[in-house]
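**Student:** My structure is stored as work-v4.cif, with mmCIF, C-alpha atoms and all ligand atoms.
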data_model
#
loop_
_atom_site.label_atom_id
_atom_site.label_comp_id
_atom_site.auth_asym_id
_atom_site.auth_seq_id
_atom_site.Cartn_x
_atom_site.Cartn_y
_atom_site.Cartn_z
CA MET A 1 -22.96 -7.32 -12.02
CA SER A 2 -26.48 -6.02 -12.74
CA GLN A 3 -29.65 -7.78 -11.62
CA SER A 4 -30.49 -8.77 -15.21
CA ASP A 5 -26.98 -10.18 -15.73
CA LYS A 6 -27.53 -12.18 -12.58
CA GLN A 7 -30.93 -13.46 -13.71
CA ASP A 8 -29.44 -14.44 -17.07
CA ARG A 9 -26.63 -16.26 -15.35
CA ARG A 10 -29.06 -18.05 -13.04
CA ALA A 11 -31.27 -19.12 -15.98
CA ARG A 12 -28.26 -20.42 -17.93
CA ALA A 13 -26.97 -22.25 -14.87
CA ALA A 14 -30.37 -23.87 -14.25
CA ALA A 15 -30.61 -25.03 -17.86
CA ARG A 16 -27.11 -26.48 -17.78
CA MET A 17 -27.38 -28.11 -14.36
CA GLY A 18 -30.70 -29.95 -14.76
CA GLU A 19 -33.04 -31.15 -12.02
CA PRO A 20 -32.20 -30.86 -8.30
CA PRO A 21 -31.07 -34.26 -6.88
CA PRO A 22 -33.34 -36.18 -4.45
CA ALA A 23 -33.00 -35.65 -0.69
CA PRO A 24 -30.40 -37.87 1.01
CA GLU A 25 -30.91 -39.75 4.27
CA ALA A 26 -31.19 -37.31 7.20
CA LEU A 27 -28.24 -36.75 9.54
CA PRO A 28 -28.50 -38.18 13.08
CA ARG A 29 -27.64 -34.80 14.67
CA PRO A 30 -28.29 -31.19 13.55
CA VAL A 31 -25.63 -29.34 11.51
CA LEU A 32 -25.34 -26.08 9.62
CA ASP A 33 -24.38 -25.01 6.12
CA SER A 34 -21.60 -22.45 6.65
CA HIS A 35 -21.76 -20.99 3.13
CA THR A 36 -24.64 -20.76 0.68
CA HIS A 37 -25.94 -18.33 -1.94
CA LEU A 38 -29.73 -18.57 -1.73
CA ASP A 39 -30.06 -15.62 -4.13
CA ILE A 40 -28.11 -17.42 -6.87
CA VAL A 41 -29.96 -20.70 -6.15
CA GLY A 42 -33.19 -18.76 -6.76
CA GLY A 43 -36.74 -19.65 -5.72
CA ASP A 44 -38.28 -19.17 -2.27
CA PRO A 45 -35.72 -19.17 0.59
CA ALA A 46 -38.40 -20.61 2.93
CA GLU A 47 -38.63 -23.76 0.77
CA HIS A 48 -34.85 -24.26 0.76
CA ILE A 49 -34.73 -23.74 4.52
CA ALA A 50 -37.52 -26.31 5.07
CA ALA A 51 -35.89 -28.89 2.76
CA ALA A 52 -32.60 -28.50 4.61
CA ARG A 53 -34.23 -28.74 8.04
CA ALA A 54 -35.96 -32.00 7.01
CA VAL A 55 -32.55 -33.72 6.72
CA GLY A 56 -30.98 -32.16 9.84
CA VAL A 57 -29.46 -28.99 8.36
CA ASP A 58 -31.25 -26.47 10.56
CA ARG A 59 -28.98 -23.39 10.22
CA LEU A 60 -27.57 -21.63 7.14
CA VAL A 61 -25.11 -18.83 6.48
CA GLN A 62 -26.15 -16.70 3.50
CA VAL A 63 -23.04 -15.20 1.88
CA GLY A 64 -22.96 -11.84 0.12
CA VAL A 65 -20.90 -11.24 -3.04
CA ASP A 66 -21.78 -7.61 -3.81
CA VAL A 67 -23.74 -4.76 -2.24
CA THR A 68 -27.07 -5.95 -3.67
CA SER A 69 -26.72 -9.57 -2.54
CA SER A 70 -25.35 -8.47 0.84
CA ARG A 71 -28.37 -6.24 1.43
CA TRP A 72 -30.68 -9.08 0.33
CA GLY A 73 -28.93 -11.48 2.71
CA VAL A 74 -29.58 -9.16 5.64
CA GLU A 75 -33.29 -9.09 4.78
CA VAL A 76 -33.46 -12.90 4.59
CA ALA A 77 -31.61 -13.22 7.90
CA GLU A 78 -34.07 -10.77 9.50
CA ALA A 79 -37.00 -12.82 8.19
CA HIS A 80 -35.72 -16.34 9.06
CA ASP A 81 -34.33 -17.58 12.39
CA ALA A 82 -32.44 -20.30 10.49
CA VAL A 83 -30.38 -17.79 8.49
CA LEU A 84 -27.41 -15.57 9.39
CA ALA A 85 -25.78 -13.30 6.82
CA THR A 86 -22.32 -12.27 5.70
CA VAL A 87 -21.58 -9.16 3.61
CA ALA A 88 -18.82 -8.43 1.10
CA VAL A 89 -17.73 -7.57 -2.40
CA HIS A 90 -16.41 -10.82 -3.94
CA PRO A 91 -12.73 -10.79 -4.94
CA ASN A 92 -13.65 -11.23 -8.60
CA GLU A 93 -16.18 -8.36 -8.40
CA ALA A 94 -13.86 -5.86 -6.72
CA PRO A 95 -11.62 -5.16 -9.76
CA ARG A 96 -14.67 -4.59 -11.99
CA LEU A 97 -16.30 -1.89 -9.85
CA LYS A 98 -15.98 1.76 -10.86
CA ASP A 99 -16.53 2.85 -7.27
CA LEU A 100 -15.03 0.18 -5.02
CA ASP A 101 -14.64 2.66 -2.14
CA GLY A 102 -18.34 3.51 -2.30
CA ALA A 103 -19.25 -0.20 -2.27
CA LEU A 104 -16.94 -0.80 0.69
CA ARG A 105 -18.67 2.00 2.62
CA GLU A 106 -22.00 0.26 2.03
CA ILE A 107 -20.55 -3.10 3.12
CA GLU A 108 -19.21 -1.46 6.28
CA ALA A 109 -22.66 -0.01 7.08
CA LEU A 110 -24.28 -3.45 6.58
CA ALA A 111 -21.59 -5.15 8.69
CA ALA A 112 -22.94 -3.39 11.77
CA HIS A 113 -26.28 -5.25 11.51
CA PRO A 114 -26.81 -7.79 14.33
CA ARG A 115 -27.78 -10.61 11.92
CA VAL A 116 -24.52 -10.09 9.97
CA ARG A 117 -21.95 -12.30 11.66
CA ALA A 118 -19.09 -12.28 9.16
CA VAL A 119 -17.44 -10.20 6.49
CA GLY A 120 -16.90 -12.18 3.29
CA GLU A 121 -16.56 -13.77 0.98
CA THR A 122 -13.38 -11.83 0.42
CA GLY A 123 -9.85 -12.90 -0.38
CA LEU A 124 -7.83 -13.56 -3.52
CA ASP A 125 -8.55 -15.38 -6.78
CA SER A 126 -5.69 -15.90 -9.19
CA PHE A 127 -7.82 -18.17 -11.37
CA ARG A 128 -10.49 -15.72 -12.55
CA THR A 129 -8.78 -12.37 -12.01
CA GLY A 130 -5.78 -11.56 -14.20
CA ALA A 131 -2.67 -9.56 -13.33
CA ASP A 132 -4.41 -6.26 -14.17
CA GLY A 133 -7.02 -6.81 -11.43
CA ARG A 134 -4.71 -8.03 -8.66
CA ALA A 135 -4.00 -4.66 -7.03
CA ALA A 136 -7.70 -3.80 -6.66
CA GLN A 137 -8.45 -7.33 -5.45
CA GLU A 138 -5.79 -7.21 -2.75
CA ALA A 139 -6.78 -3.68 -1.66
CA SER A 140 -10.38 -4.87 -1.34
CA PHE A 141 -9.27 -7.91 0.71
CA ARG A 142 -7.31 -5.66 3.09
CA ALA A 143 -10.31 -3.34 3.45
CA HIS A 144 -12.61 -6.29 4.28
CA ILE A 145 -10.18 -7.54 6.95
CA ALA A 146 -10.26 -4.07 8.54
CA ILE A 147 -14.10 -3.98 8.45
CA ALA A 148 -14.31 -7.40 10.14
CA LYS A 149 -11.95 -6.27 12.90
CA ARG A 150 -13.71 -2.92 13.44
CA HIS A 151 -17.07 -4.68 13.86
CA GLY A 152 -15.88 -7.76 15.75
CA LYS A 153 -17.18 -10.11 13.03
CA ALA A 154 -15.69 -13.28 11.59
CA LEU A 155 -13.93 -13.22 8.20
CA VAL A 156 -14.93 -15.63 5.38
CA ILE A 157 -12.07 -16.16 2.94
CA HIS A 158 -12.30 -17.04 -0.75
CA ASP A 159 -8.94 -18.49 -1.81
CA ARG A 160 -8.63 -19.76 -5.35
CA ASP A 161 -5.10 -20.65 -6.46
CA ALA A 162 -3.77 -18.03 -4.03
CA HIS A 163 -2.89 -19.91 -0.82
CA ASP A 164 0.45 -18.21 -0.11
CA ASP A 165 -0.77 -14.72 -0.96
CA VAL A 166 -3.88 -15.14 1.23
CA LEU A 167 -1.71 -16.07 4.23
CA ARG A 168 0.75 -13.25 3.43
CA VAL A 169 -2.00 -10.60 3.44
CA LEU A 170 -3.63 -12.03 6.58
CA ASP A 171 -0.26 -12.11 8.37
CA GLU A 172 0.52 -8.54 7.27
CA GLU A 173 -2.85 -7.13 8.33
CA GLY A 174 -3.31 -9.34 11.37
CA PRO A 175 -6.42 -11.54 11.05
CA PRO A 176 -9.57 -11.04 13.13
CA ASP A 177 -10.26 -13.53 15.93
CA ARG A 178 -12.39 -15.83 13.79
CA VAL A 179 -11.44 -16.78 10.21
CA VAL A 180 -13.12 -19.33 7.93
CA MET A 181 -11.34 -20.72 4.88
CA HIS A 182 -14.41 -21.16 2.67
CA CYS A 183 -14.38 -24.12 0.26
CA PHE A 184 -11.00 -25.18 1.58
CA SER A 185 -8.93 -26.30 -1.41
CA GLY A 186 -5.40 -26.83 -0.09
CA ASP A 187 -3.38 -29.92 0.76
CA ALA A 188 -2.44 -31.30 4.19
CA ALA A 189 0.51 -28.89 4.61
CA PHE A 190 -1.65 -25.84 3.90
CA ALA A 191 -4.41 -27.19 6.17
CA SER A 192 -1.88 -27.43 9.00
CA GLU A 193 -0.73 -23.84 8.39
CA CYS A 194 -4.33 -22.64 8.62
CA VAL A 195 -5.08 -24.73 11.73
CA GLN A 196 -1.93 -23.36 13.45
CA ARG A 197 -3.26 -19.85 12.87
CA GLY A 198 -6.57 -20.85 14.45
CA PHE A 199 -8.58 -20.68 11.22
CA ALA A 200 -11.57 -22.93 10.56
CA LEU A 201 -11.54 -25.03 7.38
CA SER A 202 -14.91 -25.27 5.65
CA PHE A 203 -15.15 -28.31 3.40
CA ALA A 204 -17.52 -28.33 0.41
CA GLY A 205 -18.84 -31.10 -1.84
CA THR A 206 -15.43 -31.17 -3.55
CA VAL A 207 -14.21 -33.40 -0.68
CA THR A 208 -16.37 -36.21 -2.14
CA PHE A 209 -14.94 -35.96 -5.68
CA ALA A 210 -12.90 -38.96 -6.87
CA SER A 211 -10.02 -36.67 -7.89
CA ALA A 212 -9.82 -34.98 -4.46
CA GLY A 213 -7.26 -37.22 -2.73
CA ALA A 214 -5.12 -34.28 -1.57
CA LEU A 215 -8.20 -32.57 -0.13
CA ARG A 216 -9.14 -35.72 1.82
CA GLU A 217 -5.57 -35.80 3.17
CA ALA A 218 -6.09 -32.18 4.29
CA ALA A 219 -9.33 -33.22 6.02
CA ALA A 220 -7.50 -36.08 7.75
CA VAL A 221 -5.10 -33.63 9.47
CA THR A 222 -7.86 -31.14 10.43
CA PRO A 223 -8.92 -31.42 14.08
CA LEU A 224 -12.62 -31.60 14.92
CA ASP A 225 -12.54 -28.16 16.55
CA SER A 226 -11.35 -26.54 13.28
CA VAL A 227 -13.86 -28.03 10.85
CA LEU A 228 -16.95 -26.65 9.11
CA VAL A 229 -19.03 -27.87 6.20
CA GLU A 230 -20.73 -25.95 3.40
CA THR A 231 -22.49 -26.22 0.07
CA ASP A 232 -21.44 -23.01 -1.75
CA ALA A 233 -24.81 -23.71 -3.41
CA PRO A 234 -25.73 -23.75 -6.21
CA TYR A 235 -22.17 -24.85 -7.02
CA LEU A 236 -19.92 -27.78 -5.97
CA THR A 237 -22.63 -30.43 -5.58
CA PRO A 238 -21.32 -33.52 -3.76
CA MET A 239 -21.10 -36.96 -5.33
CA PRO A 240 -22.98 -38.78 -6.72
CA TYR A 241 -24.67 -35.63 -8.07
CA ARG A 242 -21.65 -33.59 -9.18
CA GLY A 243 -22.70 -31.03 -11.83
CA ARG A 244 -26.35 -30.83 -10.76
CA PRO A 245 -27.80 -27.94 -8.68
CA ASN A 246 -26.64 -27.87 -5.08
CA GLY A 247 -28.66 -26.93 -1.99
CA SER A 248 -28.24 -27.03 1.78
CA TYR A 249 -30.40 -30.20 1.88
CA LEU A 250 -27.47 -32.07 0.26
CA ILE A 251 -25.08 -31.30 3.16
CA PRO A 252 -25.55 -34.87 4.59
CA LEU A 253 -23.66 -36.27 1.57
CA THR A 254 -20.70 -33.98 2.25
CA VAL A 255 -20.79 -34.63 6.01
CA ARG A 256 -20.65 -38.40 5.45
CA GLY A 257 -17.79 -38.08 2.92
CA LEU A 258 -15.91 -35.74 5.25
CA ALA A 259 -16.41 -38.03 8.28
CA SER A 260 -14.87 -40.88 6.37
CA ALA A 261 -11.93 -38.71 5.16
CA MET A 262 -11.33 -37.54 8.75
CA GLY A 263 -11.75 -41.01 10.24
CA LYS A 264 -14.48 -39.73 12.62
CA ASP A 265 -17.97 -40.96 13.23
CA VAL A 266 -20.82 -38.94 11.77
CA ASP A 267 -22.38 -38.05 15.15
CA ALA A 268 -19.12 -36.60 16.49
CA LEU A 269 -18.53 -34.64 13.29
CA CYS A 270 -22.08 -33.20 13.34
CA ASP A 271 -21.68 -32.05 16.93
CA ALA A 272 -18.28 -30.48 16.16
CA ILE A 273 -19.65 -28.62 13.13
CA SER A 274 -22.55 -27.24 15.20
CA ALA A 275 -20.30 -26.12 18.04
CA ASN A 276 -17.72 -24.55 15.70
CA GLY A 277 -20.41 -22.74 13.73
CA GLU A 278 -21.97 -21.25 16.88
CA ARG A 279 -18.54 -20.22 18.19
CA ILE A 280 -17.61 -18.51 14.90
CA PHE A 281 -20.92 -16.99 13.82
CA GLY A 282 -22.72 -16.76 17.19
CA SER A 283 -26.19 -18.05 17.98
CA TRP A 284 -28.81 -18.24 15.23
CA ARG A 285 -31.73 -17.51 17.61
ZN ZN B 301 -19.37 -18.59 -2.26
#
For this file, write the structure as structure tokens.
**Tutor:**
Amino acid sequence: MSQSDKQDRRARAAARMGEPPPAPEALPRPVLDSHTHLDIVGGDPAEHIAAARAVGVDRLVQVGVDVTSSRWGVEVAEAHDAVLATVAVHPNEAPRLKDLDGALREIEALAAHPRVRAVGETGLDSFRTGADGRAAQEASFRAHIAIAKRHGKALVIHDRDAHDDVLRVLDEEGPPDRVVMHCFSGDAAFASECVQRGFALSFAGTVTFASAGALREAAAVTPLDSVLVETDAPYLTPMPYRGRPNGSYLIPLTVRGLASAMGKDVDALCDAISANGERIFGSWR
């Protein structure tokens, strides 16, 4: 995707999504946002970081989706103590690239950077990529797994309507030590399969949606030491603001919804999210 395509998309998204929601009540203990796209949110990263910090969200993971956004994420992570970066070609981008191998070489070079703590988002998407793009998508996923292992970084997985195939590829390749299922979207049985493999499940605002009963059942079987929380901003805004622009400062709404789905108190969940995030991504400072 070109920069102008991206700007167009951002402008259309902003027009459709309306005003950012007001800040929620701050969390009692600090947490992190394990997955955001500050470049797609737009505006000044410093303002988003400050707004998040004001409600207890004092660390963010900026996630790359192509070479340009990955490079940008590294720069933001160099400039801000509160930000770590991940680098990748998104599974829906991979089949569209004329030179996927060249892009993967650039991702590999970026993965060596000390502020890059994970490779992703990578994985499989059967919703947006048709049968003709599957081979390239899976080859890209396998290449990202190898990069994560070569550099000792975590792996951030995008799995849309592809649960079984994601596990098949991970089992075939052998996963790296630390794996995050970004925007976890499975049921309780799939959550248990991921937990057994030692993967972390990162819950997004979707866990607060009225229709998300199966996802709340998945949260209920996820142990505290396997849980993360994320925005995937600007998408997946938690209730009661579904459909409006998301940002890391709205994480408290998702944390409170998730705590209730898990049957845990908010303080314990915040502490678990912080500890898991530091174990998976390393220290922010
Ligand atoms: Zn994402």
**Student:** Which residues sit within 7 Å of ligand ZN 301 (chain B), counting only C-alpha atoms and all ligand atoms, listed as an mmCIF file with C-alpha atoms, keeping the file's coordinate frame?
**Tutor:**
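Resulting contents of out_19.cif:
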data_model
loop_
_atom_site.group_PDB
_atom_site.id
_atom_site.type_symbol
_atom_site.label_atom_id
_atom_site.label_comp_id
_atom_site.auth_asym_id
_atom_site.auth_seq_id
_atom_site.Cartn_x
_atom_site.Cartn_y
_atom_site.Cartn_z
ATOM 1 C CA HIS A 35 -21.760 -20.990 3.130
ATOM 2 C CA THR A 36 -24.640 -20.760 0.680
ATOM 3 C CA HIS A 37 -25.940 -18.330 -1.940
ATOM 4 C CA VAL A 63 -23.040 -15.200 1.880
ATOM 5 C CA GLU A 121 -16.560 -13.770 0.980
ATOM 6 C CA ASP A 232 -21.440 -23.010 -1.750
#
**Student:** Write out as a VMD selection string the residues lying within 10 Å of Ala88 of chain A, counting all atoms listed in the file and excluding same-chain residues fewer than 4 positions away.
**Tutor:** chain A and resid 63 to 71 93 to 94 103 to 104 106 to 108 110 to 111 118 to 122 140 to 141 144 147 155 to 156
**Student:** Nearest to Pro234 of chain A among A:Val180, A:Ala204, A:Ala162, A:Ala50, with distances taken over all atoms listed in the file: which residue is it?
**Tutor:** A:Ala204
**Student:** List as a list in words: which residues have an atom within 10 Å of (-33.0, -17.1, 10.1), counting all atoms listed in the file?
**Tutor:**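 Neighbouring residues, ordered by chain and number, come to Ala46, Ile49, Asp58, Arg59, Leu60, Val61, Gln62, Val74, Glu75, Val76, Ala77, Glu78, Ala79, His80, Asp81, Ala82, Val83, Leu84, Ala85, Arg115, Trp284 and Arg285 of chain A.
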**Student:** Please report as a Markdown table every residue of segment 131-204 of chain A lying within 12 Å of segment 254-277 of chain A, along with the nearest atom pair and their distance in Å (one decimal), using only C-alpha atoms.
**Tutor:**
| residue | atom | partner | partner_atom | distance |
| --- | --- | --- | --- | --- |
| A:Ala154 | CA | A:Gly277 | CA | 10.8 |
| A:Arg178 | CA | A:Asn276 | CA | 10.4 |
| A:Val179 | CA | A:Gly277 | CA | 11.3 |
| A:Val180 | CA | A:Gly277 | CA | 9.9 |
| A:Cys183 | CA | A:Thr254 | CA | 11.9 |
| A:Ala188 | CA | A:Met262 | CA | 11.8 |
| A:Gly198 | CA | A:Asn276 | CA | 11.8 |
| A:Phe199 | CA | A:Asn276 | CA | 10.9 |
| A:Ala200 | CA | A:Asn276 | CA | 8.2 |
| A:Leu201 | CA | A:Asn276 | CA | 10.4 |
| A:Ser202 | CA | A:Ile273 | CA | 9.5 |
| A:Phe203 | CA | A:Leu258 | CA | 7.7 |
| A:Ala204 | CA | A:Thr254 | CA | 6.7 |
**Student:** In Å to one decimal, how far is atom CA of Asp165 of chain A from atom CA of Leu215 of chain A?
**Tutor:** 19.4 Å
**Student:** Find, counting only C-alpha atoms, the residue in A:Gly282, A:Glu217, A:Ile251, A:Arg242 that gets nearest to Glu230 of chain A.
**Tutor:**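 Of all the options, A:Ile251 lies closest to Glu230 of chain A.
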**Student:** Could you work out how far atom CA of Arg216 of chain A lies from atom CA of Pro21 of chain A, giving the answer in Å with one decimal?
**Tutor:**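 Distance between the two atoms: 23.6 Å.
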